[in-house]
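What's in start.cif: mmCIF, C-alpha atoms
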data_entry
loop_
_atom_site.label_atom_id
_atom_site.label_comp_id
_atom_site.auth_asym_id
_atom_site.auth_seq_id
_atom_site.Cartn_x
_atom_site.Cartn_y
_atom_site.Cartn_z
CA MET R 1 116.75 57.14 57.48
CA ALA R 2 113.96 58.20 59.79
CA GLU R 3 114.40 61.38 61.82
CA THR R 4 116.61 60.67 64.80
CA ILE R 5 118.03 62.38 67.85
CA ARG R 6 120.65 65.00 67.08
CA PRO R 7 124.16 63.63 67.76
CA THR R 8 125.79 64.61 71.06
CA GLY R 9 128.91 63.84 73.03
CA LEU R 10 131.54 65.18 70.60
CA ASP R 11 133.67 68.31 70.77
CA ALA R 12 134.12 70.83 67.95
CA GLN R 13 136.84 68.65 66.36
CA GLY R 14 134.67 65.52 66.35
CA PHE R 15 136.41 63.78 69.24
CA MET R 16 134.43 62.09 71.99
CA GLU R 17 134.11 64.18 75.13
CA ARG R 18 134.75 62.57 78.49
CA GLU R 19 131.54 62.03 80.41
CA GLY R 20 131.14 62.32 84.13
CA SER R 21 132.67 64.49 86.84
CA LEU R 22 133.18 64.30 90.59
CA ALA R 23 131.24 67.56 90.76
CA ARG R 24 128.16 65.72 89.47
CA VAL R 25 128.17 63.11 92.25
CA ALA R 26 125.02 63.74 94.27
CA ASP R 27 125.40 64.40 98.00
CA ALA R 28 123.60 61.14 98.82
CA PHE R 29 126.37 59.11 97.18
CA ARG R 30 129.41 61.03 98.39
CA PRO R 31 129.88 59.00 101.61
CA ALA R 32 129.92 55.72 99.66
CA VAL R 33 132.37 57.13 97.12
CA ALA R 34 134.65 58.43 99.89
CA ALA R 35 134.57 55.08 101.69
CA ALA R 36 135.45 53.20 98.49
CA ARG R 37 138.31 55.62 97.77
CA ASP R 38 139.80 55.32 101.25
CA ARG R 39 139.51 51.54 101.35
CA LEU R 40 141.18 51.15 97.97
CA LEU R 41 144.16 53.04 99.36
CA ASP R 42 144.14 50.86 102.47
CA VAL R 43 144.05 47.63 100.44
CA PHE R 44 146.55 48.45 97.69
CA GLY R 45 148.70 51.30 99.02
CA GLY R 46 151.60 52.06 96.70
CA ARG R 47 150.58 49.29 94.29
CA LEU R 48 147.59 51.37 93.27
CA HIS R 49 148.25 53.43 90.16
CA SER R 50 144.82 55.04 89.79
CA ALA R 51 141.13 54.53 90.41
CA TYR R 52 138.03 55.80 88.60
CA LEU R 53 134.27 56.08 88.89
CA TYR R 54 132.02 55.31 85.97
CA GLY R 55 128.32 54.89 85.34
CA SER R 56 125.35 56.87 86.59
CA ILE R 57 126.91 58.23 89.81
CA PRO R 58 129.58 60.43 88.15
CA ARG R 59 127.11 61.30 85.38
CA GLY R 60 124.74 62.67 88.01
CA THR R 61 121.83 60.45 86.95
CA ALA R 62 121.96 57.86 89.76
CA ARG R 63 118.84 56.99 91.75
CA VAL R 64 119.14 56.56 95.51
CA GLY R 65 118.65 52.94 96.47
CA ARG R 66 118.44 51.84 92.83
CA SER R 67 121.80 52.61 91.23
CA ASP R 68 125.07 50.78 91.73
CA LEU R 69 128.51 52.20 92.45
CA ASP R 70 130.90 51.33 89.61
CA LEU R 71 134.68 51.52 90.03
CA LEU R 72 137.69 50.75 87.86
CA VAL R 73 141.05 50.18 89.53
CA ALA R 74 144.43 50.20 87.79
CA LEU R 75 147.34 48.55 89.59
CA ARG R 76 151.00 49.11 88.77
CA GLU R 77 151.29 45.42 87.91
CA GLU R 78 148.89 42.69 86.86
CA PRO R 79 146.44 41.80 89.65
CA THR R 80 146.66 38.46 91.42
CA GLY R 81 143.89 36.17 92.57
CA ALA R 82 144.32 37.59 96.06
CA ASP R 83 143.86 41.10 94.67
CA ARG R 84 140.60 40.07 93.02
CA ASP R 85 139.38 38.51 96.25
CA ALA R 86 140.25 41.70 98.12
CA VAL R 87 138.27 43.78 95.63
CA LEU R 88 135.25 41.51 96.01
CA SER R 89 135.41 41.86 99.80
CA LEU R 90 135.80 45.63 99.57
CA SER R 91 132.87 45.94 97.16
CA ALA R 92 130.62 43.79 99.36
CA ALA R 93 131.54 45.81 102.46
CA VAL R 94 130.76 49.17 100.86
CA ASP R 95 127.54 47.81 99.40
CA GLY R 96 126.44 46.51 102.80
CA GLU R 97 127.29 49.72 104.61
CA PHE R 98 125.61 52.21 102.28
CA PRO R 99 121.96 51.46 101.41
CA GLN R 100 121.87 54.36 98.95
CA VAL R 101 123.78 52.17 96.47
CA ASP R 102 122.32 48.97 95.06
CA GLY R 103 125.50 46.98 94.55
CA VAL R 104 129.16 47.86 94.10
CA GLY R 105 131.08 46.59 91.09
CA THR R 106 134.84 46.97 90.73
CA LEU R 107 136.85 46.27 87.59
CA LEU R 108 140.52 45.48 88.31
CA TYR R 109 143.35 45.61 85.75
CA GLY R 110 147.05 46.17 85.48
CA LYS R 111 148.10 49.56 84.11
CA GLU R 112 150.00 48.04 81.18
CA ARG R 113 146.97 46.16 79.94
CA LEU R 114 144.85 49.30 79.98
CA LEU R 115 147.50 51.08 77.91
CA SER R 116 148.22 48.17 75.55
CA ASP R 117 147.69 48.30 71.79
CA LEU R 118 145.20 45.43 72.05
CA GLU R 119 143.00 47.39 74.47
CA ARG R 120 143.52 50.80 72.87
CA HIS R 121 139.99 50.90 71.47
CA ASP R 122 138.24 49.01 74.25
CA LEU R 123 139.47 49.33 77.83
CA GLY R 124 141.69 52.27 76.90
CA TRP R 125 138.75 54.11 75.35
CA PHE R 126 136.63 53.18 78.37
CA VAL R 127 139.10 54.81 80.76
CA ALA R 128 139.65 57.88 78.59
CA CYS R 129 136.00 58.59 77.76
CA LEU R 130 133.71 56.90 80.28
CA CYS R 131 135.70 56.97 83.54
CA THR R 132 136.03 59.82 86.02
CA PRO R 133 139.38 60.04 87.86
CA LEU R 134 139.09 59.36 91.59
CA LEU R 135 142.67 58.56 92.70
CA GLY R 136 146.17 58.71 91.23
CA ASP R 137 147.47 59.85 87.86
CA ASP R 138 144.88 59.80 85.10
CA LEU R 139 145.76 57.23 82.42
CA ALA R 140 143.81 59.25 79.86
CA ALA R 141 146.89 61.47 79.51
CA GLN R 142 148.66 58.50 77.88
CA LEU R 143 145.79 57.56 75.56
CA PRO R 144 144.66 59.08 72.27
CA ARG R 145 141.54 61.07 71.51
CA TYR R 146 138.72 58.94 70.10
CA ARG R 147 136.15 59.30 67.36
CA PRO R 148 132.94 57.22 67.08
CA ASP R 149 134.21 55.16 64.15
CA SER R 150 133.87 51.57 62.99
CA LEU R 151 137.12 50.48 64.67
CA LEU R 152 135.83 51.66 68.03
CA ALA R 153 132.50 49.94 67.40
CA ARG R 154 134.22 46.66 66.53
CA GLU R 155 136.60 46.63 69.50
CA THR R 156 134.05 47.64 72.12
CA ASN R 157 131.09 45.40 71.26
CA GLY R 158 132.08 43.16 68.38
CA ASP R 159 132.15 40.02 70.55
CA LEU R 160 128.46 39.40 71.21
CA ALA R 161 128.54 36.06 69.39
CA ARG R 162 131.15 34.82 71.88
CA TRP R 163 129.01 35.92 74.82
CA LEU R 164 125.73 34.31 73.83
CA PRO R 165 126.68 30.71 74.76
CA HIS R 166 127.79 31.94 78.21
CA TRP R 167 124.50 33.78 78.62
CA ARG R 168 122.56 30.59 77.87
CA GLU R 169 124.62 28.74 80.47
CA ARG R 170 123.95 31.41 83.08
CA ILE R 171 120.24 31.29 82.39
CA SER R 172 120.16 27.50 82.65
CA ALA R 173 122.10 27.57 85.92
CA ALA R 174 119.92 30.26 87.55
CA GLU R 175 117.15 29.35 89.96
CA ASP R 176 113.71 29.21 88.38
CA THR R 177 112.45 32.33 90.14
CA GLU R 178 111.71 35.88 89.09
CA GLU R 179 114.15 37.16 91.70
CA ALA R 180 117.00 35.10 90.23
CA ARG R 181 116.18 36.07 86.64
CA ARG R 182 115.82 39.81 87.26
CA PRO R 183 119.59 40.59 87.47
CA LEU R 184 120.16 38.57 84.29
CA VAL R 185 117.50 40.56 82.46
CA ARG R 186 119.03 43.82 83.66
CA PHE R 187 122.57 42.87 82.64
CA MET R 188 121.67 41.39 79.25
CA SER R 189 119.25 44.20 78.43
CA ARG R 190 121.94 46.79 78.98
CA HIS R 191 124.50 44.82 77.01
CA LEU R 192 122.18 44.43 74.03
CA VAL R 193 121.12 48.09 74.01
CA ARG R 194 124.72 49.26 74.10
CA THR R 195 125.65 46.83 71.36
CA GLY R 196 122.72 47.99 69.23
CA PHE R 197 123.74 51.59 69.74
CA THR R 198 127.41 51.09 68.87
CA LEU R 199 126.30 49.21 65.75
CA VAL R 200 124.90 52.50 64.42
CA MET R 201 127.20 54.92 66.32
CA PRO R 202 129.56 55.55 63.36
CA ARG R 203 126.60 56.54 61.19
CA TRP R 204 125.04 58.68 63.91
CA GLN R 205 128.40 60.28 64.77
CA GLY R 206 127.81 60.89 68.46
CA TRP R 207 127.82 59.32 71.92
CA THR R 208 125.34 58.88 74.75
CA SER R 209 125.16 56.59 77.78
CA ASP R 210 121.40 56.95 78.22
CA LEU R 211 119.83 53.58 77.40
CA ARG R 212 116.57 55.06 76.13
CA GLU R 213 118.40 57.49 73.88
CA MET R 214 120.61 54.66 72.63
CA ALA R 215 117.51 52.65 71.70
CA GLU R 216 115.94 55.60 69.87
CA VAL R 217 119.09 56.20 67.85
CA PHE R 218 119.25 52.51 66.93
CA ALA R 219 115.56 52.47 65.97
CA ALA R 220 116.08 55.24 63.43
CA PHE R 221 118.47 52.99 61.49
CA TYR R 222 116.76 49.63 62.17
CA PRO R 223 113.05 50.40 62.61
CA GLN R 224 112.12 46.73 62.24
CA ARG R 225 114.03 45.98 65.46
CA GLY R 226 113.39 49.29 67.20
CA ALA R 227 110.56 48.10 69.44
CA GLN R 228 112.71 45.26 70.76
CA LEU R 229 115.56 47.55 71.70
CA ARG R 230 113.21 50.09 73.28
CA ARG R 231 111.80 47.32 75.49
CA ALA R 232 115.32 46.19 76.34
CA ALA R 233 116.19 49.75 77.38
CA GLU R 234 113.22 49.80 79.75
CA HIS R 235 114.25 46.43 81.19
CA GLY R 236 117.75 47.82 81.65
CA TYR R 237 116.32 50.35 84.08
CA GLU R 238 113.37 48.35 85.43
CA PRO R 239 114.16 44.64 84.97
CA VAL R 240 111.54 41.91 85.07
CA GLY R 241 112.23 38.29 86.01
CA ASP R 242 110.64 36.94 82.84
CA SER R 243 112.10 33.81 81.23
CA ASP R 244 110.49 34.73 77.90
CA VAL R 245 112.48 37.95 77.81
CA LEU R 246 115.73 36.06 78.33
CA ARG R 247 114.77 33.51 75.68
CA THR R 248 114.12 36.32 73.19
CA TYR R 249 117.54 37.79 73.95
CA THR R 250 119.48 34.57 73.42
CA ASP R 251 117.42 33.06 70.58
CA ASP R 252 116.31 36.07 68.53
CA LEU R 253 117.58 39.59 69.22
CA GLY R 254 121.05 38.53 70.36
CA PRO R 255 121.89 36.25 67.40
CA TRP R 256 120.51 38.75 64.90
CA LEU R 257 122.49 41.59 66.46
CA ALA R 258 125.70 39.53 66.56
CA THR R 259 125.37 38.61 62.87
CA GLU R 260 124.57 42.16 61.77
CA TYR R 261 127.40 43.57 63.88
CA ALA R 262 129.93 41.21 62.29
CA ARG R 263 128.63 42.11 58.82
CA VAL R 264 128.93 45.85 59.41
CA HIS R 265 132.02 46.17 61.63
CA GLY R 266 133.71 42.77 61.80
CA VAL R 267 134.58 40.77 64.90
CA LYS R 268 136.49 42.04 67.91
CA ALA R 269 140.12 40.93 68.12
CA PRO R 270 140.40 37.93 70.47
CA ARG R 271 141.86 38.41 73.93
CA PRO R 272 144.21 35.93 75.65
CA GLU R 273 141.37 34.77 77.93
CA ASP R 274 138.97 34.09 75.03
#

Target format structure tokens, applied to this file:
Amino acid sequence: MAETIRPTGLDAQGFMEREGSLARVADAFRPAVAAARDRLLDVFGGRLHSAYLYGSIPRGTARVGRSDLDLLVALREEPTGADRDAVLSLSAAVDGEFPQVDGVGTLLYGKERLLSDLERHDLGWFVACLCTPLLGDDLAAQLPRYRPDSLLARETNGDLARWLPHWRERISAAEDTEEARRPLVRFMSRHLVRTGFTLVMPRWQGWTSDLREMAEVFAAFYPQRGAQLRRAAEHGYEPVGDSDVLRTYTDDLGPWLATEYARVHGVKAPRPED
């Protein structure tokens, strides 16, 4: 194996450390975070179990006017269609009011799903390790500690093969403009880089959320594909509206990565909605 970045993100016992903190939220983003918090309480009241921040804002790496505000909301029961509509309206309102954020995305789940055995090494891990508590009782107290092992790799990103047909449909349905393709490049770039990283995560024995670092770690184990993932990491931060990039993702890098992932870690357990 070529020399790689020294593993990070684990404590002295080899468990994954939780990333992010409210203390790391930059002053520029605090008004948007406060508005989202207050409006979640207004919308859901006592039905809200807890809410969390994740992504670059609680990690302290967000860029003003370039980074989005990412939220995860846990309700005491399974959300309804009306709940999902309310979250979309709330997200759009906060996004429109605060130009320092470039989009607001809110994941919405029932508490029992987040704590279920099926989601223990996917959504449960996500809450326990990648989410920063914002409101309510932290569900991480009811979840285990996690190690960067093959089970975690399989259950977080072992479903790329199922996603690729949907990606092709989204690309075909998008307008034939750079502006329309740019969000697709950003989303798919990030997905592929994270999948490439978790493919090698158990061998590297560490965690990072930095796309460039993820690509470098991957490249040490798969040098023949390293340049592709490095480019994808750059597009994850600075997307281009290039149809050739999307075609490479769905016809070359994506299928190869899905096949190699299944060979190394197996396929993610199906969910009811699959």

- Selected by the PyMOL selection byres ((chain R and resi 218) around 8) in the shown coordinates: which residues, as an MDAnalysis selection string? chainID R and resid 196:197 199:200 214:217 219:223 226 229

| request: For range 98-115 of chain R, please output as a ChimeraX atom specification all residues within 6 Å (counting all atoms listed in the file; exclusion window: fewer than 4 positions along the same chain). | output: /R:64-78,91,123-124

Near Pro202 in chain R, counting all atoms listed in the file, which residues have an atom at most 7 Å away, once you skip same-chain residues fewer than 6 positions from it, shown as a ChimeraX atom specification? /R:148-150

### Query
Pick the closest to Gln228 in chain R from R:Ala174, R:Ala35, R:Val245, R:Cys129: which is it, counting only C-alpha atoms?
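Among the listed residues, the smallest separation from Gln228 in chain R belongs to R:Val245.
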
Check: At a cut-off of 9 Å from (131.8, 59.1, 86.5) in the coordinates of the file, what residues are picked up using all atoms listed in the file, written as an MDAnalysis selection string?
Finding: chainID R and resid 19:22 24:25 52:60 70:71 130:134

Emit the selected residues as a PDB file, keeping the file's coordinate frame, including C-alpha atoms.
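Written out: out_5.pdb:
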ATOM      1  CA  GLU R  19     131.540  62.030  80.410  1.00  0.00           C
ATOM      2  CA  GLY R  20     131.140  62.320  84.130  1.00  0.00           C
ATOM      3  CA  SER R  21     132.670  64.490  86.840  1.00  0.00           C
ATOM      4  CA  LEU R  22     133.180  64.300  90.590  1.00  0.00           C
ATOM      5  CA  ARG R  24     128.160  65.720  89.470  1.00  0.00           C
ATOM      6  CA  VAL R  25     128.170  63.110  92.250  1.00  0.00           C
ATOM      7  CA  TYR R  52     138.030  55.800  88.600  1.00  0.00           C
ATOM      8  CA  LEU R  53     134.270  56.080  88.890  1.00  0.00           C
ATOM      9  CA  TYR R  54     132.020  55.310  85.970  1.00  0.00           C
ATOM     10  CA  GLY R  55     128.320  54.890  85.340  1.00  0.00           C
ATOM     11  CA  SER R  56     125.350  56.870  86.590  1.00  0.00           C
ATOM     12  CA  ILE R  57     126.910  58.230  89.810  1.00  0.00           C
ATOM     13  CA  PRO R  58     129.580  60.430  88.150  1.00  0.00           C
ATOM     14  CA  ARG R  59     127.110  61.300  85.380  1.00  0.00           C
ATOM     15  CA  GLY R  60     124.740  62.670  88.010  1.00  0.00           C
ATOM     16  CA  ASP R  70     130.900  51.330  89.610  1.00  0.00           C
ATOM     17  CA  LEU R  71     134.680  51.520  90.030  1.00  0.00           C
ATOM     18  CA  LEU R 130     133.710  56.900  80.280  1.00  0.00           C
ATOM     19  CA  CYS R 131     135.700  56.970  83.540  1.00  0.00           C
ATOM     20  CA  THR R 132     136.030  59.820  86.020  1.00  0.00           C
ATOM     21  CA  PRO R 133     139.380  60.040  87.860  1.00  0.00           C
ATOM     22  CA  LEU R 134     139.090  59.360  91.590  1.00  0.00           C
TER      23      LEU R 134
END

Report, as AutoDock Vina command-line options, the centre and edge lengths in Å (one decimal) of the axis-aligned box enclosing every listed atom of range 41-51 of chain R, padded by 6 Å on each side.
--center_x 146.4 --center_y 51.3 --center_z 96.1 --size_x 22.5 --size_y 19.4 --size_z 24.7

How many Å separate CA of Ala36 in chain R from CA of Asp85 in chain R?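 So the two atoms, CA of Ala36 in chain R and CA of Asp85 in chain R, lie 15.4 Å apart.
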
Residue contacts of range 236-242 of chain R (8 Å, all atoms listed in the file) excluding same-chain residues fewer than 6 positions away, as a PDB file with C-alpha atoms, keeping the file's coordinate frame:
ATOM      1  CA  THR R 177     112.450  32.330  90.140  1.00  0.00           C
ATOM      2  CA  GLU R 178     111.710  35.880  89.090  1.00  0.00           C
ATOM      3  CA  GLU R 179     114.150  37.160  91.700  1.00  0.00           C
ATOM      4  CA  ALA R 180     117.000  35.100  90.230  1.00  0.00           C
ATOM      5  CA  ARG R 181     116.180  36.070  86.640  1.00  0.00           C
ATOM      6  CA  ARG R 182     115.820  39.810  87.260  1.00  0.00           C
ATOM      7  CA  PRO R 183     119.590  40.590  87.470  1.00  0.00           C
ATOM      8  CA  VAL R 185     117.500  40.560  82.460  1.00  0.00           C
ATOM      9  CA  ARG R 186     119.030  43.820  83.660  1.00  0.00           C
ATOM     10  CA  PHE R 187     122.570  42.870  82.640  1.00  0.00           C
ATOM     11  CA  MET R 188     121.670  41.390  79.250  1.00  0.00           C
ATOM     12  CA  SER R 189     119.250  44.200  78.430  1.00  0.00           C
ATOM     13  CA  ARG R 190     121.940  46.790  78.980  1.00  0.00           C
ATOM     14  CA  LEU R 211     119.830  53.580  77.400  1.00  0.00           C
TER      15      LEU R 211
END
